[in-house]
Amino acid sequence: MEHALSPVTLAELRRPRPYPAVSVLTPTHRRERGSGQDPVRLRNALTEARRRLESDPAVTRERRADVVAQLDRALAEVDLTHAEDGLVIFAAPGEHQVWSLARTVPERVVLSDTFLTRNLVAAHTAERPYWVLSVSADRVTLWSGGPDRVVEAHGGGFPLERRRENFDAERQMRIGDLPSTFRDEGTRQFLREADTAMSTVLREQPRPLYVMGEQAALSLLDEVGSVAKSAVHVPHGGLGHAGPDAVWQALRPVLAEESRKDTTAVVEELTSARGHRTYAAGLDELWQSAREGRVRLLAVEEDFRATVRDVGEHLVPAEPGDLDARDDIVDEIVEQCLETGAEVRFVPDGALGDADGIAGVLRY
């Protein structure tokens, strides 16, 4: 199952496909919390997709067989024991993808000439992914981070390892056997290589970067390269060969403080916008402003969801499953704002006060 959405991947997902491009969305549950429903929901959603393919006169027999086979392959890749909050399956002639999302999605089956990506984009934005570079004198590891975990990222040359007989720089530094490790020319060259590799990753997938390691390692990385200069430094040794739990525990307090500062800054900007009459709040106003490309900053409370019906000039509340109901209107607003260059920030529930879950700063 896929987790990491890069700009290149998103552009590929959004390109037109030969009809039918099928999007199947279903909410899932982490671990045991309601997870017994997940296999049933998934089977029902795929049954509905097959029914729609069978009844659509625009779908030829050959294409129907191809797409049904792709759906079956996608189902075989689903691992509900590691489910998050939402599951998205894309299938078209000759291809399929399975995406696990850390954000819930509505139950939907859509046949079109493009995949339905807005829930994917909203989940990716809400997760605010980041990179973590764990640095030591003999090993540099890259981690892909989300709100509650880090996962080792393989690719771009990572992990980088420096082979030397009886070489344990971190242990030797801790006991004082190797006081000059980070003044050694071999170590300098090794960290230059790490800096070059990380620069390439950031060009292809720009994200905030945290660098972790002994203070001497961080200082040398800063000296020999460029990536550490714009990164958040986390002085914490002993993680060169550590697993994800140890890296996450070292990083968690730093992320919590960063989140607190970010939320305060967003609320202050919204407060300032009230005084300058560039403030907007509520679904109706933000939906209209987003379609007009007027939103510069969109703030959404993390668990805010709404089901509505669009009656022209207004959005009116609706129940999930109602005719013409839009279960994912918040995600639609998020993607529309991103399409027009707005900054989108997710904040803790209640942070927006009387704004009913969603607020923004307008360009004009």
# chains A, B, ... in the order shown; residues from 1 in each chain; ligands from 1

call {"tool": "closest_atom_pairs", "arguments": {"of": "stretch 80-122 of chain A", "to": "stretch 139-155 of chain A", "cutoff": "12 Å", "atoms": "only C-alpha atoms", "output": "CSV"}}
result
residue,atom,partner,partner_atom,distance
A:Glu84,CA,A:Asp148,CA,11.2
A:Leu101,CA,A:Gly146,CA,10.9
A:Ala102,CA,A:Pro147,CA,8.7
A:Arg103,CA,A:Pro147,CA,11.0

call {"tool": "select_by_dssp", "arguments": {"residues": "stretch 131-318 of chain A", "states": "strand (DSSP E or B)", "output": "ChimeraX atom specification"}}
result
/A:131-135,139-145,150-152,155,158,160-161,209-213,232-235,279-281,295-301,308-310,315-317

call {"tool": "residues_around", "arguments": {"residues": "A:Arg73", "least_positions_apart": "5", "cutoff": "10 Å", "atoms": "only C-alpha atoms", "output": "PyMOL selection string"}}
result
chain A and resi 67-68+78+91+95-98

call {"tool": "residues_around", "arguments": {"residues": "A:Tyr19", "least_positions_apart": "4", "cutoff": "9 Å", "atoms": "only C-alpha atoms", "output": "PyMOL selection string"}}
result
chain A and resi 58-59+63+92-93+111-114

call {"tool": "closest_residue", "arguments": {"among": "A:Ser6, A:Thr263, A:Ser23, A:Thr28", "to": "A:Arg50", "atoms": "only C-alpha atoms"}}
result
A:Ser23

call {"tool": "closest_residue", "arguments": {"among": "A:Met198, A:Leu255, A:Ala4, A:Leu283", "to": "A:Arg305", "atoms": "only C-alpha atoms"}}
result
A:Leu283

call {"tool": "closest_residue", "arguments": {"among": "A:Ile358, A:Ala325, A:Ala231, A:Ala216", "to": "A:Tyr279", "atoms": "only C-alpha atoms"}}
result
A:Ile358

call {"tool": "select_by_dssp", "arguments": {"residues": "stretch 286-330 of chain A", "states": "alpha helix (DSSP H)", "output": "VMD selection string"}}
result
chain A and resid 286 to 291 329 to 330

call {"tool": "residues_around", "arguments": {"residues": "stretch 340-346 of chain A", "least_positions_apart": "6", "cutoff": "9 Å", "atoms": "only C-alpha atoms", "output": "list in words"}}
result
Thr125, Ala126, Glu127, Arg128, Asp262, Thr263, Val266, Ala290, Arg291, Glu292, Gly293, Arg294, Val295, Arg296, Leu297, Leu298, Ala299, Val300, Glu301, Glu302 and Val334 of chain A

call {"tool": "residues_around", "arguments": {"residues": "A:Val227", "least_positions_apart": "6", "cutoff": "9 Å", "atoms": "only C-alpha atoms", "output": "NGL selection string"}}
result
:A and (195-196 or 198-199 or 202 or 209 or 221)

call {"tool": "write_last_selection", "arguments": {"atoms": "all heavy atoms", "output": "CSV table (one decimal), in the first residue's frame"}}
result
chain,number,residue,atom,x,y,z
A,195,ASP,N,24.9,15.1,2.5
A,195,ASP,CA,24.3,16.3,2.2
A,195,ASP,C,23.9,16.4,0.7
A,195,ASP,O,22.8,16.9,0.4
A,195,ASP,CB,25.3,17.5,2.4
A,195,ASP,CG,24.7,18.8,2.1
A,195,ASP,OD1,24.1,19.4,3.0
A,195,ASP,OD2,25.0,19.3,1.0
A,196,THR,N,24.7,15.9,-0.2
A,196,THR,CA,24.3,15.9,-1.6
A,196,THR,C,23.1,15.0,-1.9
A,196,THR,O,22.2,15.4,-2.6
A,196,THR,CB,25.5,15.4,-2.5
A,196,THR,OG1,26.6,16.2,-2.3
A,196,THR,CG2,25.2,15.3,-3.9
A,198,MET,N,20.8,14.2,0.3
A,198,MET,CA,19.6,14.8,0.9
A,198,MET,C,19.1,16.0,0.1
A,198,MET,O,17.9,16.2,-0.1
A,198,MET,CB,19.9,15.3,2.3
A,198,MET,CG,18.6,15.7,3.1
A,198,MET,SD,17.6,14.2,3.4
A,198,MET,CE,16.0,14.8,2.8
A,199,SER,N,20.0,16.7,-0.5
A,199,SER,CA,19.6,17.9,-1.4
A,199,SER,C,18.8,17.4,-2.6
A,199,SER,O,17.8,18.0,-3.0
A,199,SER,CB,20.9,18.6,-1.9
A,199,SER,OG,21.6,19.2,-0.8
A,202,LEU,N,15.2,16.5,-1.4
A,202,LEU,CA,14.4,17.7,-1.1
A,202,LEU,C,14.0,18.4,-2.4
A,202,LEU,O,12.9,19.0,-2.5
A,202,LEU,CB,15.2,18.7,-0.2
A,202,LEU,CG,15.4,18.2,1.2
A,202,LEU,CD1,16.4,19.2,1.9
A,202,LEU,CD2,14.1,18.2,1.9
A,209,LEU,N,12.6,19.6,7.1
A,209,LEU,CA,13.7,18.6,7.5
A,209,LEU,C,14.1,18.8,8.9
A,209,LEU,O,14.4,19.9,9.4
A,209,LEU,CB,14.9,18.8,6.5
A,209,LEU,CG,16.1,18.0,6.8
A,209,LEU,CD1,15.8,16.5,6.7
A,209,LEU,CD2,17.3,18.4,5.9
A,221,LEU,N,27.9,18.6,9.6
A,221,LEU,CA,27.0,18.6,8.5
A,221,LEU,C,26.7,20.0,8.0
A,221,LEU,O,26.6,20.3,6.8
A,221,LEU,CB,25.7,17.8,8.8
A,221,LEU,CG,24.7,17.6,7.7
A,221,LEU,CD1,25.3,16.7,6.6
A,221,LEU,CD2,23.4,17.0,8.3

call {"tool": "closest_residue", "arguments": {"among": "A:Trp287, A:Phe190, A:Tyr210, A:Tyr364", "to": "A:Asp331", "atoms": "only C-alpha atoms"}}
result
A:Trp287

call {"tool": "residues_around", "arguments": {"residues": "A:Thr278", "least_positions_apart": "4", "cutoff": "8 Å", "atoms": "only C-alpha atoms", "output": "list in words"}}
result
Ala273, Arg274, Val361, Leu362, Arg363 and Tyr364 of chain A

call {"tool": "write_last_selection", "arguments": {"atoms": "all heavy atoms", "output": "short mmCIF file (atom, residue, chain, number, x, y, z; two decimals), in the first residue's frame"}}
result
data_model
loop_
_atom_site.label_atom_id
_atom_site.label_comp_id
_atom_site.auth_asym_id
_atom_site.auth_seq_id
_atom_site.Cartn_x
_atom_site.Cartn_y
_atom_site.Cartn_z
N ALA A 273 -6.31 39.39 10.31
CA ALA A 273 -7.15 39.51 9.11
C ALA A 273 -8.52 40.09 9.44
O ALA A 273 -9.12 40.79 8.61
CB ALA A 273 -7.30 38.14 8.45
N ARG A 274 -9.03 39.80 10.62
CA ARG A 274 -10.32 40.40 11.03
C ARG A 274 -10.23 41.91 10.99
O ARG A 274 -11.14 42.59 10.49
CB ARG A 274 -10.69 39.93 12.43
CG ARG A 274 -11.15 38.49 12.56
CD ARG A 274 -11.47 38.18 14.00
NE ARG A 274 -11.78 36.78 14.24
CZ ARG A 274 -13.01 36.27 14.31
NH1 ARG A 274 -14.05 37.05 14.11
NH2 ARG A 274 -13.19 34.98 14.56
N VAL A 361 -7.73 33.52 5.48
CA VAL A 361 -7.31 34.88 5.20
C VAL A 361 -7.39 35.06 3.69
O VAL A 361 -6.83 34.26 2.93
CB VAL A 361 -5.87 35.14 5.69
CG1 VAL A 361 -5.45 36.57 5.34
CG2 VAL A 361 -5.75 34.90 7.18
N LEU A 362 -8.11 36.10 3.25
CA LEU A 362 -8.33 36.33 1.83
C LEU A 362 -7.24 37.22 1.23
O LEU A 362 -6.66 38.05 1.92
CB LEU A 362 -9.69 36.96 1.60
CG LEU A 362 -10.90 36.18 2.17
CD1 LEU A 362 -12.19 36.91 1.85
CD2 LEU A 362 -10.93 34.75 1.65
N ARG A 363 -7.01 37.03 -0.05
CA ARG A 363 -6.06 37.89 -0.77
C ARG A 363 -6.63 39.29 -0.98
O ARG A 363 -5.90 40.26 -1.02
CB ARG A 363 -5.73 37.27 -2.13
CG ARG A 363 -4.98 35.95 -2.04
CD ARG A 363 -4.52 35.48 -3.41
NE ARG A 363 -3.60 34.35 -3.32
CZ ARG A 363 -3.94 33.08 -3.51
NH1 ARG A 363 -5.20 32.79 -3.82
NH2 ARG A 363 -3.04 32.12 -3.39
N TYR A 364 -7.92 39.39 -1.16
CA TYR A 364 -8.59 40.68 -1.37
C TYR A 364 -10.05 40.56 -1.00
O TYR A 364 -10.56 39.45 -0.84
CB TYR A 364 -8.44 41.15 -2.83
CG TYR A 364 -8.95 40.16 -3.85
CD1 TYR A 364 -10.27 40.21 -4.29
CD2 TYR A 364 -8.13 39.16 -4.38
CE1 TYR A 364 -10.75 39.32 -5.22
CE2 TYR A 364 -8.61 38.27 -5.31
CZ TYR A 364 -9.92 38.35 -5.73
OH TYR A 364 -10.41 37.45 -6.65
#

call {"tool": "closest_residue", "arguments": {"among": "A:Val132, A:Gly156, A:His82, A:Val224", "to": "A:Glu204", "atoms": "only C-alpha atoms"}}
result
A:Gly156

call {"tool": "decode", "arguments": {"residues": "stretch 243-259 of chain A", "atoms": "all heavy atoms", "output": "PDB file, in the first residue's frame"}}
result
ATOM      1  N   GLY A 243      16.003   2.049  15.645  1.00  0.00           N
ATOM      2  CA  GLY A 243      14.773   1.758  14.924  1.00  0.00           C
ATOM      3  C   GLY A 243      13.806   2.922  14.975  1.00  0.00           C
ATOM      4  O   GLY A 243      14.074   3.956  15.608  1.00  0.00           O
ATOM      5  N   PRO A 244      12.633   2.771  14.338  1.00  0.00           N
ATOM      6  CA  PRO A 244      11.682   3.883  14.245  1.00  0.00           C
ATOM      7  C   PRO A 244      11.151   4.366  15.593  1.00  0.00           C
ATOM      8  O   PRO A 244      10.921   5.558  15.769  1.00  0.00           O
ATOM      9  CB  PRO A 244      10.561   3.316  13.371  1.00  0.00           C
ATOM     10  CG  PRO A 244      10.724   1.834  13.420  1.00  0.00           C
ATOM     11  CD  PRO A 244      12.182   1.584  13.601  1.00  0.00           C
ATOM     12  N   ASP A 245      10.959   3.463  16.555  1.00  0.00           N
ATOM     13  CA  ASP A 245      10.411   3.884  17.846  1.00  0.00           C
ATOM     14  C   ASP A 245      11.364   4.834  18.572  1.00  0.00           C
ATOM     15  O   ASP A 245      10.937   5.850  19.133  1.00  0.00           O
ATOM     16  CB  ASP A 245      10.118   2.666  18.729  1.00  0.00           C
ATOM     17  CG  ASP A 245       8.929   1.865  18.233  1.00  0.00           C
ATOM     18  OD1 ASP A 245       8.139   2.416  17.432  1.00  0.00           O
ATOM     19  OD2 ASP A 245       8.794   0.695  18.619  1.00  0.00           O
ATOM     20  N   ALA A 246      12.654   4.521  18.562  1.00  0.00           N
ATOM     21  CA  ALA A 246      13.628   5.377  19.234  1.00  0.00           C
ATOM     22  C   ALA A 246      13.727   6.739  18.560  1.00  0.00           C
ATOM     23  O   ALA A 246      13.807   7.777  19.225  1.00  0.00           O
ATOM     24  CB  ALA A 246      14.995   4.696  19.253  1.00  0.00           C
ATOM     25  N   VAL A 247      13.714   6.754  17.218  1.00  0.00           N
ATOM     26  CA  VAL A 247      13.772   8.021  16.493  1.00  0.00           C
ATOM     27  C   VAL A 247      12.522   8.852  16.783  1.00  0.00           C
ATOM     28  O   VAL A 247      12.593  10.060  17.036  1.00  0.00           O
ATOM     29  CB  VAL A 247      13.919   7.763  14.976  1.00  0.00           C
ATOM     30  CG1 VAL A 247      13.817   9.075  14.185  1.00  0.00           C
ATOM     31  CG2 VAL A 247      15.252   7.077  14.680  1.00  0.00           C
ATOM     32  N   TRP A 248      11.367   8.195  16.783  1.00  0.00           N
ATOM     33  CA  TRP A 248      10.110   8.906  17.040  1.00  0.00           C
ATOM     34  C   TRP A 248      10.079   9.498  18.449  1.00  0.00           C
ATOM     35  O   TRP A 248       9.667  10.648  18.637  1.00  0.00           O
ATOM     36  CB  TRP A 248       8.925   7.958  16.831  1.00  0.00           C
ATOM     37  CG  TRP A 248       7.606   8.529  17.297  1.00  0.00           C
ATOM     38  CD1 TRP A 248       6.853   8.103  18.345  1.00  0.00           C
ATOM     39  CD2 TRP A 248       6.916   9.643  16.742  1.00  0.00           C
ATOM     40  NE1 TRP A 248       5.734   8.880  18.484  1.00  0.00           N
ATOM     41  CE2 TRP A 248       5.752   9.834  17.521  1.00  0.00           C
ATOM     42  CE3 TRP A 248       7.176  10.501  15.679  1.00  0.00           C
ATOM     43  CZ2 TRP A 248       4.834  10.851  17.235  1.00  0.00           C
ATOM     44  CZ3 TRP A 248       6.270  11.522  15.400  1.00  0.00           C
ATOM     45  CH2 TRP A 248       5.112  11.685  16.173  1.00  0.00           C
ATOM     46  N   GLN A 249      10.514   8.744  19.445  1.00  0.00           N
ATOM     47  CA  GLN A 249      10.502   9.242  20.817  1.00  0.00           C
ATOM     48  C   GLN A 249      11.426  10.444  20.993  1.00  0.00           C
ATOM     49  O   GLN A 249      11.134  11.372  21.746  1.00  0.00           O
ATOM     50  CB  GLN A 249      10.891   8.121  21.788  1.00  0.00           C
ATOM     51  CG  GLN A 249       9.867   7.009  21.902  1.00  0.00           C
ATOM     52  CD  GLN A 249       8.483   7.501  22.302  1.00  0.00           C
ATOM     53  OE1 GLN A 249       8.346   8.430  23.098  1.00  0.00           O
ATOM     54  NE2 GLN A 249       7.440   6.899  21.738  1.00  0.00           N
ATOM     55  N   ALA A 250      12.550  10.443  20.292  1.00  0.00           N
ATOM     56  CA  ALA A 250      13.464  11.589  20.370  1.00  0.00           C
ATOM     57  C   ALA A 250      12.892  12.813  19.668  1.00  0.00           C
ATOM     58  O   ALA A 250      13.150  13.950  20.064  1.00  0.00           O
ATOM     59  CB  ALA A 250      14.815  11.213  19.759  1.00  0.00           C
ATOM     60  N   LEU A 251      12.113  12.577  18.635  1.00  0.00           N
ATOM     61  CA  LEU A 251      11.589  13.685  17.828  1.00  0.00           C
ATOM     62  C   LEU A 251      10.287  14.254  18.363  1.00  0.00           C
ATOM     63  O   LEU A 251       9.994  15.437  18.163  1.00  0.00           O
ATOM     64  CB  LEU A 251      11.373  13.181  16.397  1.00  0.00           C
ATOM     65  CG  LEU A 251      10.984  14.207  15.345  1.00  0.00           C
ATOM     66  CD1 LEU A 251      12.095  15.219  15.118  1.00  0.00           C
ATOM     67  CD2 LEU A 251      10.610  13.505  14.040  1.00  0.00           C
ATOM     68  N   ARG A 252       9.499  13.440  19.062  1.00  0.00           N
ATOM     69  CA  ARG A 252       8.137  13.826  19.425  1.00  0.00           C
ATOM     70  C   ARG A 252       8.045  15.141  20.183  1.00  0.00           C
ATOM     71  O   ARG A 252       7.207  15.993  19.840  1.00  0.00           O
ATOM     72  CB  ARG A 252       7.469  12.693  20.218  1.00  0.00           C
ATOM     73  CG  ARG A 252       5.991  12.938  20.466  1.00  0.00           C
ATOM     74  CD  ARG A 252       5.295  11.702  20.949  1.00  0.00           C
ATOM     75  NE  ARG A 252       5.815  11.231  22.222  1.00  0.00           N
ATOM     76  CZ  ARG A 252       5.275  10.240  22.920  1.00  0.00           C
ATOM     77  NH1 ARG A 252       4.212   9.610  22.441  1.00  0.00           N
ATOM     78  NH2 ARG A 252       5.789   9.860  24.059  1.00  0.00           N
ATOM     79  N   PRO A 253       8.854  15.397  21.219  1.00  0.00           N
ATOM     80  CA  PRO A 253       8.722  16.685  21.912  1.00  0.00           C
ATOM     81  C   PRO A 253       9.049  17.888  21.037  1.00  0.00           C
ATOM     82  O   PRO A 253       8.469  18.965  21.205  1.00  0.00           O
ATOM     83  CB  PRO A 253       9.704  16.566  23.090  1.00  0.00           C
ATOM     84  CG  PRO A 253      10.593  15.420  22.764  1.00  0.00           C
ATOM     85  CD  PRO A 253       9.814  14.509  21.882  1.00  0.00           C
ATOM     86  N   VAL A 254       9.959  17.706  20.087  1.00  0.00           N
ATOM     87  CA  VAL A 254      10.292  18.794  19.169  1.00  0.00           C
ATOM     88  C   VAL A 254       9.100  19.099  18.270  1.00  0.00           C
ATOM     89  O   VAL A 254       8.741  20.265  18.054  1.00  0.00           O
ATOM     90  CB  VAL A 254      11.529  18.426  18.324  1.00  0.00           C
ATOM     91  CG1 VAL A 254      11.858  19.530  17.327  1.00  0.00           C
ATOM     92  CG2 VAL A 254      12.723  18.134  19.218  1.00  0.00           C
ATOM     93  N   LEU A 255       8.444  18.058  17.755  1.00  0.00           N
ATOM     94  CA  LEU A 255       7.269  18.253  16.906  1.00  0.00           C
ATOM     95  C   LEU A 255       6.130  18.912  17.674  1.00  0.00           C
ATOM     96  O   LEU A 255       5.420  19.771  17.137  1.00  0.00           O
ATOM     97  CB  LEU A 255       6.801  16.906  16.349  1.00  0.00           C
ATOM     98  CG  LEU A 255       7.725  16.210  15.351  1.00  0.00           C
ATOM     99  CD1 LEU A 255       7.159  14.844  14.993  1.00  0.00           C
ATOM    100  CD2 LEU A 255       7.912  17.052  14.102  1.00  0.00           C
ATOM    101  N   ALA A 256       5.938  18.513  18.935  1.00  0.00           N
ATOM    102  CA  ALA A 256       4.868  19.092  19.743  1.00  0.00           C
ATOM    103  C   ALA A 256       5.075  20.593  19.933  1.00  0.00           C
ATOM    104  O   ALA A 256       4.126  21.387  19.835  1.00  0.00           O
ATOM    105  CB  ALA A 256       4.783  18.387  21.094  1.00  0.00           C
ATOM    106  N   GLU A 257       6.298  20.992  20.187  1.00  0.00           N
ATOM    107  CA  GLU A 257       6.587  22.422  20.360  1.00  0.00           C
ATOM    108  C   GLU A 257       6.427  23.173  19.045  1.00  0.00           C
ATOM    109  O   GLU A 257       5.883  24.286  19.024  1.00  0.00           O
ATOM    110  CB  GLU A 257       8.018  22.591  20.901  1.00  0.00           C
ATOM    111  CG  GLU A 257       8.441  24.034  21.109  1.00  0.00           C
ATOM    112  CD  GLU A 257       7.568  24.788  22.100  1.00  0.00           C
ATOM    113  OE1 GLU A 257       6.855  24.148  22.894  1.00  0.00           O
ATOM    114  OE2 GLU A 257       7.616  26.042  22.078  1.00  0.00           O
ATOM    115  N   GLU A 258       6.871  22.571  17.955  1.00  0.00           N
ATOM    116  CA  GLU A 258       6.700  23.204  16.637  1.00  0.00           C
ATOM    117  C   GLU A 258       5.213  23.383  16.325  1.00  0.00           C
ATOM    118  O   GLU A 258       4.799  24.416  15.811  1.00  0.00           O
ATOM    119  CB  GLU A 258       7.343  22.329  15.560  1.00  0.00           C
ATOM    120  CG  GLU A 258       8.845  22.279  15.615  1.00  0.00           C
ATOM    121  CD  GLU A 258       9.486  23.353  14.760  1.00  0.00           C
ATOM    122  OE1 GLU A 258       9.128  23.481  13.581  1.00  0.00           O
ATOM    123  OE2 GLU A 258      10.330  24.080  15.312  1.00  0.00           O
ATOM    124  N   SER A 259       4.399  22.360  16.621  1.00  0.00           N
ATOM    125  CA  SER A 259       2.966  22.432  16.356  1.00  0.00           C
ATOM    126  C   SER A 259       2.314  23.539  17.174  1.00  0.00           C
ATOM    127  O   SER A 259       1.459  24.280  16.675  1.00  0.00           O
ATOM    128  CB  SER A 259       2.307  21.086  16.663  1.00  0.00           C
ATOM    129  OG  SER A 259       0.914  21.154  16.478  1.00  0.00           O
TER     130      SER A 259
END
